Amino acid sequence: MKRSFLFSDRVLIGSGLGLIAATYGLVRLAYGLFLPDVQRDLGFGADVAGAVSAGGSVLYCVGAVAGSVLAGRAARALAAVAALIAGVGALVMAASTSTLVFGTAAVVASAGAGIASPALVRLVGDRVEHAALPRAQAMVNSGTGPGLVAAGFLALVLLPDWRTAWTTAGIVTLVVGGVLVTAAGSARDTAGRGRPPAGPAGPDRRWLVAHALPMAVALAFGAGSAVVWTYGRTALVEAGVGSALSVGAWVALGAGGALVAVTSRWTSALSARRQWALTAAVAGAAVLVLGVAPAVVPVSLAACTVFGWGYTAATGGLIAWTTEVDRTRAPVGTSALFVLLVAGQALGAAVAGTVLGLLGTAATFVVAAAVVLAAALVPVVAARTALRRPVATRGHEAR
């Protein structure tokens with residue numbers, strides 16, 4: 001029998017989705033969307049913009065590691081810290097009059113997203129019943145999509161006034177964080193319904209071995225998908241797509257991500273490996289289409305929508321995978337996989353920048369798509385190999 005979420009569950013899940021939307025979509029990932037207008041007003045070049053982006057990735061990883069260590073003891077407080085860092089960071093970016101202040105605030109604000117993910121994995125895991133937990137985690141993780149949509153609409157309505165856009169993002173982040181902290185506190189009467197038995201705090205050798213494959217594919221998936229986040233709008237502009245439509249592609253990315261909340265009931269019913277393989281393969285196919293047909297606007301917008309769904313659902317698949325391996329360490333696993341994903345994106349963006357000049361946009365996207373598709377298929381091949389191995393062993397023992 002299908003179970004509906006309790007009211008307290010719904011408030012927690014809704015506000016958790018909102019915090020992911022704010023820290024990821026409105027703050028961390030909106031940097032590239034608002035960047036051209038910021039560069040024009042503050043007067044810094046692509047080298048500084050790239051350094052700020054790299055610094056944000058580093059601080060994201062630091063936040064994710066810190067979150068994984070502390071989530072088991074102070075998840076609610078961490079969620080508040082994530083909202084404060086991202087929200088105040090966005091407000092400082094809006095008020096900045098120098099490149100140094102803006103860049104520092106942008107780098108620090110990225111840590112909010114890294115802290116938010118493990119904190120929310122723990123909060124949802126502690127307060128939602130076991131049977132409904134995979135769907136709840138997928139819904140919260142889908143918040144990146146609505147956040148990207150909101151950032152796209154802010155860009156369409158407010159740009160070139162990037163200061164008002166960042167101010168709005170900061171205020172929304174702080175408000176959503178306040179709602180989440182309140183919801184998490186009011187849900188304490190149901191705490192423990194989804195909590196697993198206490199287990200060791202840190203990963204051991206068995207845990208690391210079990211996570212070797214998801215860690216590898218997370219890194220590869222991040223490297224291949226980086227081409228869309230970094231050069232997706234560039235590909236469209238080079239193909240002759242106008243500015244408004246290129247921003248519309250960003251909205252399409254977010255709309256696809258938002259659909260994950262609708263499809264989560266279906267995807268969460270799959271095993272973690274199947275969920276990962278399907279969603280990552282969809283993302284890889286979208287990268288390929290976007291690279292070879294950017295000038296065909298309906299096709300490229302559809303590809304952006306599909307990529308947004310595949311990418312967001314695949315990150316949810318990583319959460320499901322680590323939860324399936326060991327629920328007691330799900331926040332640790334989530335942060336580790338997300339750190340590798342972001343590290344892969346940093347590596348992929350750097351490599352793609354070099355390859356782009358040598359091979360061109362289309363070939364770069366094709367190579368990136370191949371990397372993403374490989375990340376999708378490797379777990380399937382590995383699972384089939386593992387299934388065959390016991391049969392061969394039993395046959396040898398019989399002889």
# chains A, B, ... in the order shown; residues from 1 in each chain; ligands from 1
$ residues_around --residues "A:Leu59" --least-positions-apart "3" --cutoff "8 Å" --atoms "only C-alpha atoms" --output "PyMOL selection string"
chain A and resi 55-56+62-63+107-108+110-111+114
$ residues_around --residues "A:Gly291" --least-positions-apart "3" --cutoff "12 Å" --atoms "only C-alpha atoms" --output "number ranges by chain"
A: 225, 227-228, 231-236, 238-239, 284-288, 294-296, 299-301, 303-304, 356, 360-370
$ closest_residue --among "A:Ala255, A:Leu100, A:Ala183, A:Ala349" --to "A:Gly43" --atoms "only C-alpha atoms"
A:Leu100
$ select_by_dssp --residues "stretch 110-312 of chain A" --states "alpha helix (DSSP H)" --output "number ranges by chain"
A: 110-127, 133-141, 144-158, 162-186, 205-210, 212-238, 243-267, 272-292, 297-312
$ closest_residue --among "A:Thr312, A:Gln345, A:Ser8, A:Ser68" --to "A:Thr263" --atoms "only C-alpha atoms"
A:Thr312
$ atom_distance --atom1 "atom CA of A:Gly72" --atom2 "atom CA of A:Arg135"
21.0 Å
$ closest_residue --among "A:Ala252, A:Val260, A:Val355, A:Val217" --to "A:Val380" --atoms "only C-alpha atoms"
A:Val217
$ residues_around --residues "A:Gln39" --least-positions-apart "4" --cutoff "12 Å" --atoms "only C-alpha atoms" --output "PDB file with N, CA and C atoms, in the first residue's frame"
ATOM      1  N   TYR A  31      26.023  31.721 -10.436  1.00  0.00           N
ATOM      2  CA  TYR A  31      27.230  32.519 -10.675  1.00  0.00           C
ATOM      3  C   TYR A  31      27.499  32.680 -12.163  1.00  0.00           C
ATOM      4  N   GLY A  32      27.471  31.575 -12.898  1.00  0.00           N
ATOM      5  CA  GLY A  32      27.737  31.646 -14.332  1.00  0.00           C
ATOM      6  C   GLY A  32      26.661  32.376 -15.109  1.00  0.00           C
ATOM      7  N   LEU A  33      25.435  32.327 -14.606  1.00  0.00           N
ATOM      8  CA  LEU A  33      24.326  32.993 -15.291  1.00  0.00           C
ATOM      9  C   LEU A  33      24.445  34.509 -15.221  1.00  0.00           C
ATOM     10  N   PHE A  34      24.798  35.050 -14.054  1.00  0.00           N
ATOM     11  CA  PHE A  34      24.894  36.494 -13.864  1.00  0.00           C
ATOM     12  C   PHE A  34      26.278  37.054 -14.187  1.00  0.00           C
ATOM     13  N   LEU A  35      27.227  36.169 -14.455  1.00  0.00           N
ATOM     14  CA  LEU A  35      28.629  36.572 -14.563  1.00  0.00           C
ATOM     15  C   LEU A  35      28.906  37.654 -15.608  1.00  0.00           C
ATOM     16  N   GLY A  43      34.626  44.979 -13.847  1.00  0.00           N
ATOM     17  CA  GLY A  43      35.823  45.069 -14.676  1.00  0.00           C
ATOM     18  C   GLY A  43      36.868  44.004 -14.456  1.00  0.00           C
ATOM     19  N   PHE A  44      36.477  42.749 -14.343  1.00  0.00           N
ATOM     20  CA  PHE A  44      37.476  41.673 -14.264  1.00  0.00           C
ATOM     21  C   PHE A  44      37.283  40.714 -15.431  1.00  0.00           C
ATOM     22  N   GLY A  45      38.380  40.005 -15.752  1.00  0.00           N
ATOM     23  CA  GLY A  45      38.397  39.167 -16.938  1.00  0.00           C
ATOM     24  C   GLY A  45      38.068  37.717 -16.675  1.00  0.00           C
ATOM     25  N   ALA A  46      38.221  36.920 -17.745  1.00  0.00           N
ATOM     26  CA  ALA A  46      37.879  35.504 -17.670  1.00  0.00           C
ATOM     27  C   ALA A  46      38.796  34.748 -16.710  1.00  0.00           C
ATOM     28  N   ASP A  47      40.052  35.197 -16.588  1.00  0.00           N
ATOM     29  CA  ASP A  47      40.972  34.491 -15.691  1.00  0.00           C
ATOM     30  C   ASP A  47      40.518  34.609 -14.243  1.00  0.00           C
ATOM     31  N   VAL A  48      40.117  35.816 -13.838  1.00  0.00           N
ATOM     32  CA  VAL A  48      39.614  36.011 -12.471  1.00  0.00           C
ATOM     33  C   VAL A  48      38.298  35.269 -12.284  1.00  0.00           C
ATOM     34  N   ALA A  49      37.429  35.304 -13.287  1.00  0.00           N
ATOM     35  CA  ALA A  49      36.148  34.599 -13.196  1.00  0.00           C
ATOM     36  C   ALA A  49      36.376  33.098 -13.004  1.00  0.00           C
ATOM     37  N   GLY A  50      37.351  32.559 -13.723  1.00  0.00           N
ATOM     38  CA  GLY A  50      37.657  31.145 -13.576  1.00  0.00           C
ATOM     39  C   GLY A  50      38.231  30.812 -12.218  1.00  0.00           C
ATOM     40  N   VAL A  52      37.628  32.412  -9.424  1.00  0.00           N
ATOM     41  CA  VAL A  52      36.524  32.460  -8.461  1.00  0.00           C
ATOM     42  C   VAL A  52      35.697  31.179  -8.542  1.00  0.00           C
ATOM     43  N   THR A  97      31.534  46.386  -4.251  1.00  0.00           N
ATOM     44  CA  THR A  97      31.962  47.403  -5.220  1.00  0.00           C
ATOM     45  C   THR A  97      33.349  47.105  -5.773  1.00  0.00           C
ATOM     46  N   SER A  98      33.926  45.975  -5.370  1.00  0.00           N
ATOM     47  CA  SER A  98      35.243  45.607  -5.876  1.00  0.00           C
ATOM     48  C   SER A  98      35.259  44.131  -6.226  1.00  0.00           C
ATOM     49  N   THR A  99      36.187  43.772  -7.104  1.00  0.00           N
ATOM     50  CA  THR A  99      36.317  42.381  -7.521  1.00  0.00           C
ATOM     51  C   THR A  99      36.700  41.489  -6.345  1.00  0.00           C
ATOM     52  N   PHE A 102      33.597  40.866  -4.120  1.00  0.00           N
ATOM     53  CA  PHE A 102      32.640  40.014  -4.827  1.00  0.00           C
ATOM     54  C   PHE A 102      33.164  38.585  -4.931  1.00  0.00           C
ATOM     55  N   GLY A 103      34.422  38.430  -5.349  1.00  0.00           N
ATOM     56  CA  GLY A 103      34.984  37.101  -5.533  1.00  0.00           C
ATOM     57  C   GLY A 103      35.057  36.320  -4.235  1.00  0.00           C
ATOM     58  N   PRO A 160      20.142  43.731 -16.829  1.00  0.00           N
ATOM     59  CA  PRO A 160      21.509  43.695 -16.283  1.00  0.00           C
ATOM     60  C   PRO A 160      21.652  44.108 -14.817  1.00  0.00           C
ATOM     61  N   TRP A 162      22.184  42.993 -11.844  1.00  0.00           N
ATOM     62  CA  TRP A 162      22.580  41.789 -11.121  1.00  0.00           C
ATOM     63  C   TRP A 162      22.558  41.980  -9.615  1.00  0.00           C
TER      64      TRP A 162
END
$ residues_around --residues "A:Ala22" --least-positions-apart "4" --cutoff "7 Å" --atoms "only C-alpha atoms" --output "list in words"
Gly18, Leu26, Val27, Gly147 and Thr173 of chain A
$ closest_residue --among "A:Ala79, A:Arg274, A:Pro331, A:Ser117" --to "A:Asn141" --atoms "only C-alpha atoms"
A:Ser117
$ closest_residue --among "A:Trp229, A:Trp250, A:Phe221, A:Tyr24" --to "A:Tyr60" --atoms "only C-alpha atoms"
A:Tyr24
$ atom_distance --atom1 "atom CA of A:Ala314" --atom2 "atom CA of A:Ala280"
5.5 Å
$ residues_around --residues "A:Ala283" --least-positions-apart "5" --cutoff "8 Å" --atoms "only C-alpha atoms" --output "compact mmCIF listing (two decimals) with N, CA and C atoms, in the first residue's frame"
# COMPACT_ATOMS: atom_id res chain seq x y z
N SER A 225 29.76 15.96 -17.41
CA SER A 225 28.64 16.90 -17.37
C SER A 225 29.08 18.35 -17.27
N VAL A 306 16.00 17.66 -20.80
CA VAL A 306 16.32 16.26 -20.53
C VAL A 306 17.60 16.16 -19.68
N PHE A 307 18.59 16.99 -20.02
CA PHE A 307 19.82 16.97 -19.22
C PHE A 307 19.55 17.37 -17.79
N GLY A 308 18.74 18.41 -17.60
CA GLY A 308 18.42 18.84 -16.25
C GLY A 308 17.78 17.74 -15.43
N TRP A 309 16.87 16.98 -16.08
CA TRP A 309 16.25 15.85 -15.37
C TRP A 309 17.29 14.77 -15.08
N GLY A 310 18.04 14.38 -16.10
CA GLY A 310 19.00 13.29 -15.93
C GLY A 310 20.06 13.61 -14.91
N TYR A 311 20.61 14.83 -14.95
CA TYR A 311 21.66 15.22 -14.02
C TYR A 311 21.14 15.21 -12.58
N VAL A 372 30.18 10.59 -19.95
CA VAL A 372 28.97 10.43 -19.13
C VAL A 372 28.32 9.08 -19.39
$ closest_residue --among "A:Ser142, A:Thr385, A:Thr315, A:Gln137" --to "A:Pro214" --atoms "only C-alpha atoms"
A:Thr315
